[in-house]
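The data block below is structure20.cif; it holds mmCIF, C-alpha atoms and all ligand atoms.
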```cif
data_model
#
loop_
_atom_site.label_atom_id
_atom_site.label_comp_id
_atom_site.auth_asym_id
_atom_site.auth_seq_id
_atom_site.Cartn_x
_atom_site.Cartn_y
_atom_site.Cartn_z
CA THR A 1 11.06 4.66 14.62
CA SER A 2 12.50 5.91 11.37
CA GLN A 3 10.82 8.63 9.38
CA PRO A 4 9.58 7.85 5.89
CA THR A 5 12.21 8.59 3.26
CA ASN A 6 9.88 10.88 1.33
CA PRO A 7 7.70 12.44 3.98
CA GLY A 8 5.65 14.34 1.42
CA GLY A 9 4.63 11.15 -0.34
CA THR A 10 3.04 7.87 0.65
CA THR A 11 6.09 5.69 1.19
CA ASN A 12 5.57 3.06 3.87
CA LYS A 13 8.01 1.64 6.42
CA ALA A 14 9.46 -0.76 3.87
CA GLY A 15 10.21 2.12 1.52
CA ARG A 16 7.74 1.07 -1.17
CA THR A 17 5.45 3.61 -2.69
CA ALA A 18 1.72 3.16 -2.49
CA GLY A 19 1.56 2.82 -6.27
CA ASP A 20 3.19 -0.63 -6.03
CA VAL A 21 0.30 -2.27 -4.24
CA PRO A 22 -3.44 -2.37 -4.87
CA ASP A 23 -5.96 -1.01 -2.39
CA HIS A 24 -7.20 -3.65 0.01
CA LEU A 25 -9.96 -1.44 1.33
CA GLN A 26 -11.90 1.26 -0.48
CA VAL A 27 -14.52 3.30 1.33
CA THR A 28 -16.33 5.71 -0.96
CA GLY A 29 -18.86 8.37 0.04
CA VAL A 30 -20.06 6.42 3.05
CA ARG A 31 -22.87 7.95 5.10
CA LYS A 32 -24.55 6.66 8.23
CA ASN A 33 -27.33 8.13 10.34
CA PHE A 34 -28.66 6.96 13.68
CA GLY A 35 -32.20 8.32 13.81
CA SER A 36 -31.92 11.97 12.86
CA THR A 37 -28.21 12.16 13.82
CA GLU A 38 -25.77 12.20 10.91
CA VAL A 39 -22.82 10.23 12.27
CA LEU A 40 -20.85 9.67 9.05
CA LYS A 41 -21.20 12.45 6.51
CA GLY A 42 -19.45 11.08 3.43
CA VAL A 43 -16.25 9.20 4.26
CA ASP A 44 -13.63 8.31 1.64
CA LEU A 45 -10.73 6.12 2.70
CA ALA A 46 -8.34 3.85 0.81
CA VAL A 47 -5.90 1.48 2.50
CA ALA A 48 -3.27 -0.30 0.44
CA GLN A 49 -2.70 -4.04 0.80
CA GLY A 50 -0.63 -4.89 3.88
CA ARG A 51 -0.47 -1.31 5.17
CA THR A 52 -1.54 0.09 8.50
CA THR A 53 -3.77 3.12 8.99
CA ALA A 54 -4.35 4.81 12.34
CA ILE A 55 -7.63 6.68 12.74
CA VAL A 56 -7.44 9.42 15.34
CA GLY A 57 -10.00 12.03 16.32
CA PRO A 58 -12.18 13.24 19.15
CA SER A 59 -14.60 10.98 20.96
CA GLY A 60 -17.94 10.88 19.15
CA SER A 61 -16.47 11.78 15.75
CA GLY A 62 -17.57 8.45 14.22
CA LYS A 63 -14.44 6.26 14.36
CA THR A 64 -16.11 3.17 15.84
CA THR A 65 -19.10 3.55 13.55
CA LEU A 66 -16.78 3.52 10.53
CA LEU A 67 -14.94 0.40 11.75
CA ARG A 68 -18.22 -1.42 12.38
CA LEU A 69 -19.37 -0.66 8.83
CA ILE A 70 -16.08 -1.99 7.42
CA ALA A 71 -16.44 -5.13 9.57
CA GLY A 72 -20.00 -5.66 8.32
CA PHE A 73 -21.76 -5.33 11.69
CA SER A 74 -24.00 -2.69 10.18
CA ALA A 75 -24.71 -1.29 6.72
CA PRO A 76 -24.07 2.22 5.41
CA ASP A 77 -27.09 4.30 4.41
CA SER A 78 -25.28 5.21 1.21
CA GLY A 79 -21.85 4.91 -0.33
CA ARG A 80 -19.73 1.88 -1.07
CA ILE A 81 -17.23 -0.39 0.69
CA ALA A 82 -14.97 -2.76 -1.25
CA LEU A 83 -12.52 -5.35 0.09
CA ALA A 84 -9.81 -6.71 -2.20
CA GLY A 85 -11.69 -5.25 -5.14
CA GLU A 86 -14.98 -6.92 -4.23
CA GLU A 87 -17.92 -4.73 -3.25
CA VAL A 88 -19.16 -5.82 0.20
CA ALA A 89 -21.57 -2.96 0.82
CA GLY A 90 -23.22 -0.85 -1.85
CA GLN A 91 -26.50 0.15 -3.37
CA SER A 92 -27.51 -3.44 -4.07
CA THR A 93 -24.71 -5.41 -2.41
CA TRP A 94 -24.41 -6.76 1.10
CA VAL A 95 -21.81 -9.26 2.31
CA PRO A 96 -22.33 -10.10 6.02
CA ALA A 97 -19.51 -9.90 8.58
CA HIS A 98 -18.83 -13.64 8.75
CA LYS A 99 -18.21 -13.76 4.99
CA ARG A 100 -15.63 -10.95 5.09
CA SER A 101 -12.04 -11.87 5.92
CA VAL A 102 -11.96 -9.28 8.67
CA GLY A 103 -10.89 -9.47 12.32
CA TYR A 104 -12.28 -7.03 14.86
CA VAL A 105 -11.07 -6.31 18.36
CA ALA A 106 -13.10 -3.89 20.47
CA GLN A 107 -11.93 -1.99 23.53
CA ASP A 108 -13.43 -4.51 25.92
CA GLY A 109 -12.46 -7.71 24.12
CA ALA A 110 -15.84 -9.39 24.66
CA LEU A 111 -14.71 -13.00 25.22
CA PHE A 112 -17.17 -15.87 25.49
CA PRO A 113 -17.49 -16.11 29.31
CA HIS A 114 -18.50 -19.80 29.40
CA LEU A 115 -15.49 -20.99 27.35
CA SER A 116 -11.91 -21.44 28.52
CA VAL A 117 -9.24 -19.08 27.22
CA GLY A 118 -8.01 -21.85 24.91
CA ALA A 119 -11.50 -22.52 23.55
CA ASN A 120 -12.04 -18.80 23.05
CA ILE A 121 -8.88 -18.56 20.97
CA ALA A 122 -9.51 -21.81 19.09
CA PHE A 123 -13.10 -20.79 18.31
CA GLY A 124 -13.44 -20.99 14.56
CA LEU A 125 -10.02 -22.59 14.04
CA PRO A 126 -10.07 -25.54 11.66
CA LEU A 127 -7.83 -27.46 14.11
CA ARG A 128 -8.58 -29.97 16.87
CA GLY A 129 -6.66 -31.75 19.63
CA LYS A 130 -2.89 -31.39 19.86
CA ALA A 131 -2.62 -29.19 16.75
CA ALA A 132 -5.20 -26.79 18.20
CA SER A 133 -3.48 -26.56 21.59
CA LEU A 134 -0.09 -25.95 19.95
CA ARG A 135 -1.57 -23.14 17.88
CA VAL A 136 -3.30 -21.68 20.96
CA GLY A 137 0.07 -21.73 22.77
CA GLU A 138 1.74 -19.88 19.88
CA LEU A 139 -1.02 -17.28 19.80
CA LEU A 140 -0.81 -16.74 23.58
CA GLU A 141 2.94 -16.26 23.24
CA MET A 142 2.34 -13.58 20.59
CA VAL A 143 0.42 -11.57 23.16
CA SER A 144 3.02 -12.19 25.89
CA MET A 145 1.03 -14.82 27.81
CA ASP A 146 2.04 -18.26 29.01
CA ALA A 147 0.41 -21.34 27.44
CA SER A 148 -0.84 -22.35 30.91
CA TYR A 149 -3.49 -19.62 30.66
CA ALA A 150 -5.36 -21.70 28.06
CA LYS A 151 -7.20 -23.67 30.77
CA ARG A 152 -8.48 -20.65 32.67
CA ARG A 153 -11.81 -18.90 32.30
CA PRO A 154 -12.03 -15.24 31.22
CA HIS A 155 -13.33 -14.13 34.66
CA GLN A 156 -10.10 -15.44 36.24
CA LEU A 157 -8.04 -13.00 34.18
CA SER A 158 -7.35 -9.30 34.63
CA GLY A 159 -8.87 -6.84 32.15
CA GLY A 160 -5.54 -6.50 30.38
CA GLN A 161 -5.14 -10.27 30.08
CA GLN A 162 -8.67 -10.62 28.70
CA GLN A 163 -7.86 -7.97 26.12
CA ARG A 164 -4.74 -9.84 25.04
CA VAL A 165 -6.76 -13.05 24.69
CA ALA A 166 -9.23 -11.13 22.49
CA LEU A 167 -6.32 -10.08 20.28
CA ALA A 168 -5.06 -13.68 20.12
CA ARG A 169 -8.56 -14.87 19.16
CA ALA A 170 -8.74 -12.31 16.33
CA LEU A 171 -5.24 -13.25 15.13
CA ALA A 172 -6.13 -16.97 15.18
CA ARG A 173 -8.50 -16.64 12.27
CA GLN A 174 -5.77 -15.04 10.15
CA PRO A 175 -7.98 -12.31 8.74
CA GLU A 176 -6.72 -10.40 5.71
CA LEU A 177 -7.91 -7.14 7.28
CA MET A 178 -7.63 -6.44 11.02
CA LEU A 179 -9.71 -3.72 12.67
CA LEU A 180 -8.47 -2.67 16.09
CA ASP A 181 -10.62 -0.26 18.12
CA GLU A 182 -8.39 1.05 20.92
CA PRO A 183 -7.35 -2.52 21.73
CA PHE A 184 -4.47 -1.53 23.98
CA SER A 185 -6.15 1.19 26.04
CA ALA A 186 -7.08 -1.18 28.91
CA LEU A 187 -3.46 -2.29 29.32
CA ASP A 188 -1.05 -0.60 31.70
CA ALA A 189 1.76 1.41 30.12
CA GLY A 190 4.53 -1.22 30.11
CA LEU A 191 2.32 -3.99 28.84
CA ARG A 192 0.76 -1.69 26.27
CA VAL A 193 4.08 -1.07 24.55
CA ALA A 194 5.12 -4.75 24.64
CA THR A 195 1.75 -6.00 23.39
CA ARG A 196 1.55 -3.36 20.71
CA ARG A 197 4.99 -4.28 19.47
CA ALA A 198 4.19 -8.01 19.39
CA VAL A 199 0.86 -7.49 17.65
CA ALA A 200 2.33 -5.04 15.12
CA GLN A 201 5.11 -7.50 14.31
CA THR A 202 2.67 -10.40 13.93
CA LEU A 203 0.40 -8.41 11.62
CA GLU A 204 3.30 -7.05 9.58
CA GLN A 205 4.91 -10.48 9.14
CA ALA A 206 1.60 -11.95 8.02
CA GLY A 207 1.03 -9.01 5.65
CA VAL A 208 -2.31 -8.20 7.27
CA THR A 209 -3.86 -4.86 6.32
CA THR A 210 -4.66 -3.09 9.58
CA ILE A 211 -6.78 -0.19 10.77
CA LEU A 212 -6.19 1.00 14.32
CA VAL A 213 -8.41 3.49 16.14
CA THR A 214 -6.38 5.16 18.86
CA HIS A 215 -6.25 8.18 21.15
CA ASP A 216 -2.54 7.70 21.64
CA GLN A 217 -0.41 9.87 19.38
CA ALA A 218 2.76 7.82 19.98
CA GLU A 219 0.82 4.68 19.09
CA ALA A 220 -0.42 6.20 15.83
CA LEU A 221 3.10 7.34 14.94
CA SER A 222 4.80 4.06 15.71
CA PHE A 223 2.13 1.76 14.33
CA ALA A 224 0.87 3.35 11.16
CA ASP A 225 1.93 3.97 7.56
CA GLN A 226 -0.86 6.53 7.23
CA VAL A 227 -2.84 8.56 9.74
CA ALA A 228 -6.46 9.58 9.13
CA VAL A 229 -7.89 12.36 11.27
CA MET A 230 -11.63 12.04 11.85
CA ARG A 231 -13.72 14.96 12.92
CA ASP A 232 -17.47 15.39 13.02
CA GLY A 233 -18.25 12.44 10.76
CA LYS A 234 -15.66 13.23 8.12
CA LEU A 235 -11.99 12.52 7.51
CA ALA A 236 -10.38 15.92 7.94
CA GLN A 237 -6.94 14.78 6.75
CA ILE A 238 -5.20 11.61 5.56
CA GLY A 239 -1.45 11.36 5.11
CA SER A 240 1.80 9.91 6.34
CA PRO A 241 2.31 10.32 10.10
CA PHE A 242 5.08 12.82 9.37
CA VAL A 243 2.90 15.03 7.20
CA VAL A 244 -0.18 14.91 9.44
CA TYR A 245 1.79 15.79 12.57
CA THR A 246 4.09 18.39 11.03
CA ARG A 247 1.61 19.93 8.62
CA PRO A 248 -1.90 19.52 10.03
CA SER A 249 -4.43 20.71 7.46
CA ASP A 250 -6.16 23.11 9.81
CA ARG A 251 -6.04 24.57 13.27
CA ALA A 252 -8.61 22.22 14.83
CA THR A 253 -6.55 19.23 13.70
CA ALA A 254 -3.36 20.78 15.05
CA GLU A 255 -5.01 21.46 18.39
CA PHE A 256 -6.44 17.98 18.59
CA LEU A 257 -3.11 16.34 17.79
CA GLY A 258 -1.39 18.58 20.30
CA ASP A 259 -3.81 17.40 22.98
CA ALA A 260 -3.79 13.77 22.00
CA VAL A 261 -0.86 12.52 24.07
P1 LIG B 301 -16.02 7.54 18.21
O1 LIG B 301 -15.66 6.10 17.97
O2 LIG B 301 -15.25 8.48 17.34
O3 LIG B 301 -15.98 7.93 19.65
P2 LIG B 301 -18.71 6.65 17.55
O4 LIG B 301 -18.66 6.11 16.16
O5 LIG B 301 -18.68 5.67 18.67
O6 LIG B 301 -17.55 7.73 17.73
O7 LIG B 301 -20.00 7.53 17.73
C1 LIG B 301 -20.32 8.61 16.88
C2 LIG B 301 -21.71 9.15 17.23
O8 LIG B 301 -22.69 8.19 16.86
C3 LIG B 301 -21.91 9.42 18.71
O9 LIG B 301 -22.64 10.60 18.82
C4 LIG B 301 -22.71 8.23 19.17
O10 LIG B 301 -23.51 8.58 20.25
C5 LIG B 301 -23.53 7.89 17.93
N1 LIG B 301 -23.86 6.45 17.87
C6 LIG B 301 -22.99 5.44 17.69
N2 LIG B 301 -23.63 4.25 17.61
C7 LIG B 301 -24.95 4.52 17.76
C8 LIG B 301 -26.13 3.72 17.78
N3 LIG B 301 -26.08 2.39 17.61
N4 LIG B 301 -27.30 4.34 17.96
C9 LIG B 301 -27.38 5.68 18.09
N5 LIG B 301 -26.30 6.49 18.07
C10 LIG B 301 -25.10 5.93 17.91
#
```
Is it possible to express this structure as structure tokens?
Amino acid sequence: TSQPTNPGGTTNKAGRTAGDVPDHLQVTGVRKNFGSTEVLKGVDLAVAQGRTTAIVGPSGSGKTTLLRLIAGFSAPDSGRIALAGEEVAGQSTWVPAHKRSVGYVAQDGALFPHLSVGANIAFGLPLRGKAASLRVGELLEMVSMDASYAKRRPHQLSGGQQQRVALARALARQPELMLLDEPFSALDAGLRVATRRAVAQTLEQAGVTTILVTHDQAEALSFADQVAVMRDGKLAQIGSPFVVYTRPSDRATAEFLGDAV
């Protein structure tokens, strides 16, 4: 991977500066408690249209909770979330998950067990018959699987194959924002790299804004235009991969990044 041309700034892989494109996602002062536990303690995050952000940080720091709020699976206690300039969660606003153009892939895929692979992927597609099966075949190819898998049931697949089907299902709906919560961690090393590359290429070509939660430092570096470091319910640092890894804002971040491989 090439380094950004101005590592101190916010230039992305294509060499554009962040000022050229509007924010697709704006998270402002978001807080979330579970019972008496403060899980998110005031999170601010902006992601420009079509860019990719990797969120890294220790287990339990609140990464999944933040993604689920952005997806609309739960509501913040306070603060504001806006997508493409439209407030989707705020003091008096609530847009439910199915009305947000957001795809979400969790660690364990969570396919519908009673549906075939093809029906899982085609779920929610406005296509039927031949057109649907052609599209399913294309989507399977994107995740390095043969079209013949469409007829199988999820339980006949390995964990890694199920995860790739979950990615294909999320891609099928062509969301404008894709949220990926460690989607590659169940895959073995070789497949992980190939799948990651295919998914990154698909998302980039379609101009999909992407947020990836990952423990894998190489994945964050290769996938993302910006890296956000989460710690203890807050974003400790946000910057280009180069800046975050070469100039961590504090010692705890440096130690975490050093351990993250
Ligand atoms: P991460 O993704 O960084 O590992 P999470 O967002 O999953 O962190 O969790 C952050 C904290 O919030 C953890 O302490 C977790 O136990 C707690 N938590 C997450 N979801 C719930 C929930 N639905 N109910 C109660 N506690 C929760």
Within 12 Å of ligand LIG 301 (chain B) (counting all atoms listed in the file), which residues show up? I'd like them as a short mmCIF file (atom, residue, chain, number, x, y, z; two decimals) with C-alpha atoms, in the coordinates of the input.
```cif
data_model
loop_
_atom_site.label_atom_id
_atom_site.label_comp_id
_atom_site.auth_asym_id
_atom_site.auth_seq_id
_atom_site.Cartn_x
_atom_site.Cartn_y
_atom_site.Cartn_z
CA ARG A 31 -22.87 7.95 5.10
CA LYS A 32 -24.55 6.66 8.23
CA ASN A 33 -27.33 8.13 10.34
CA PHE A 34 -28.66 6.96 13.68
CA GLY A 35 -32.20 8.32 13.81
CA SER A 36 -31.92 11.97 12.86
CA THR A 37 -28.21 12.16 13.82
CA GLU A 38 -25.77 12.20 10.91
CA VAL A 39 -22.82 10.23 12.27
CA LEU A 40 -20.85 9.67 9.05
CA LYS A 41 -21.20 12.45 6.51
CA ILE A 55 -7.63 6.68 12.74
CA VAL A 56 -7.44 9.42 15.34
CA GLY A 57 -10.00 12.03 16.32
CA PRO A 58 -12.18 13.24 19.15
CA SER A 59 -14.60 10.98 20.96
CA GLY A 60 -17.94 10.88 19.15
CA SER A 61 -16.47 11.78 15.75
CA GLY A 62 -17.57 8.45 14.22
CA LYS A 63 -14.44 6.26 14.36
CA THR A 64 -16.11 3.17 15.84
CA THR A 65 -19.10 3.55 13.55
CA LEU A 66 -16.78 3.52 10.53
CA LEU A 67 -14.94 0.40 11.75
CA ARG A 68 -18.22 -1.42 12.38
CA LEU A 69 -19.37 -0.66 8.83
CA PHE A 73 -21.76 -5.33 11.69
CA SER A 74 -24.00 -2.69 10.18
CA ALA A 75 -24.71 -1.29 6.72
CA ALA A 106 -13.10 -3.89 20.47
CA GLN A 107 -11.93 -1.99 23.53
CA LEU A 180 -8.47 -2.67 16.09
CA ASP A 181 -10.62 -0.26 18.12
CA GLU A 182 -8.39 1.05 20.92
CA LEU A 212 -6.19 1.00 14.32
CA VAL A 213 -8.41 3.49 16.14
CA THR A 214 -6.38 5.16 18.86
CA HIS A 215 -6.25 8.18 21.15
CA VAL A 229 -7.89 12.36 11.27
CA MET A 230 -11.63 12.04 11.85
CA ARG A 231 -13.72 14.96 12.92
CA ASP A 232 -17.47 15.39 13.02
CA GLY A 233 -18.25 12.44 10.76
CA LYS A 234 -15.66 13.23 8.12
CA LEU A 235 -11.99 12.52 7.51
#
```
Have a look at A:Asp77, A:Thr210, A:Pro248, A:Ala200 and name the one nearest to A:Trp94; count only C-alpha atoms.
->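 Once distances to A:Trp94 are computed over only C-alpha atoms, the minimum belongs to A:Asp77.
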For stretch 132-137 of chain A: contacts at 8 Å, only C-alpha atoms, fewer than 4 positions along chain excluded, given as a list in words =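 Those residues are Gly118, Ile121, Ala122, Leu125, Leu127, Arg128, Glu141, Asp146, Ala147, Ala150 and Ala172 of chain A.
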Counting all atoms listed in the file, find the residues whose atoms lie at most 12 Å from (1.7, -9.8, 13.5) (file coordinates) and write them out as a PyMOL selection string.
-> chain A and resi 50+52+138-139+141-143+167-168+170-172+174-178+195-210+223
Atom CA of A:Met145 to atom CA of A:Gly129, straight-line distance in Å =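 Here the two named atoms are 20.3 Å from each other.
Restricting the calculation to only C-alpha atoms, the smallest distance between A:Gln91 and any of A:Arg51, A:Thr28, A:Leu179, A:Gly103 is found for A:Thr28.
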d(atom CA of A:Asp216, atom CA of A:Val27) in Å | 24.0 Å
Do you have the atom CA of A:Val30-atom CA of A:Ala224 distance handy?
-> 22.7 Å
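If all atoms listed in the file are the atoms counted, then among A:Pro76, A:Ser148, A:His24, A:Lys130 the closest residue to A:Ser101 is A:His24.
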Please list as a CSV table (one decimal) with C-alpha atoms, in the coordinates of the input every residue within 7 Å of A:Gln26, counting all atoms listed in the file and excluding residues in the same chain fewer than 3 positions away.
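Result file result-v7.csv:
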```csv
chain,number,residue,atom,x,y,z
A,23,ASP,CA,-6.0,-1.0,-2.4
A,45,LEU,CA,-10.7,6.1,2.7
A,46,ALA,CA,-8.3,3.8,0.8
A,47,VAL,CA,-5.9,1.5,2.5
A,81,ILE,CA,-17.2,-0.4,0.7
A,82,ALA,CA,-15.0,-2.8,-1.2
A,83,LEU,CA,-12.5,-5.4,0.1
```
Which residue of A:Gly29, A:Gly159, A:Pro22, A:Gly258 approaches A:Ala110 most closely, using all atoms listed in the file =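 Using all atoms listed in the file, A:Ala110 sits closest to A:Gly159.
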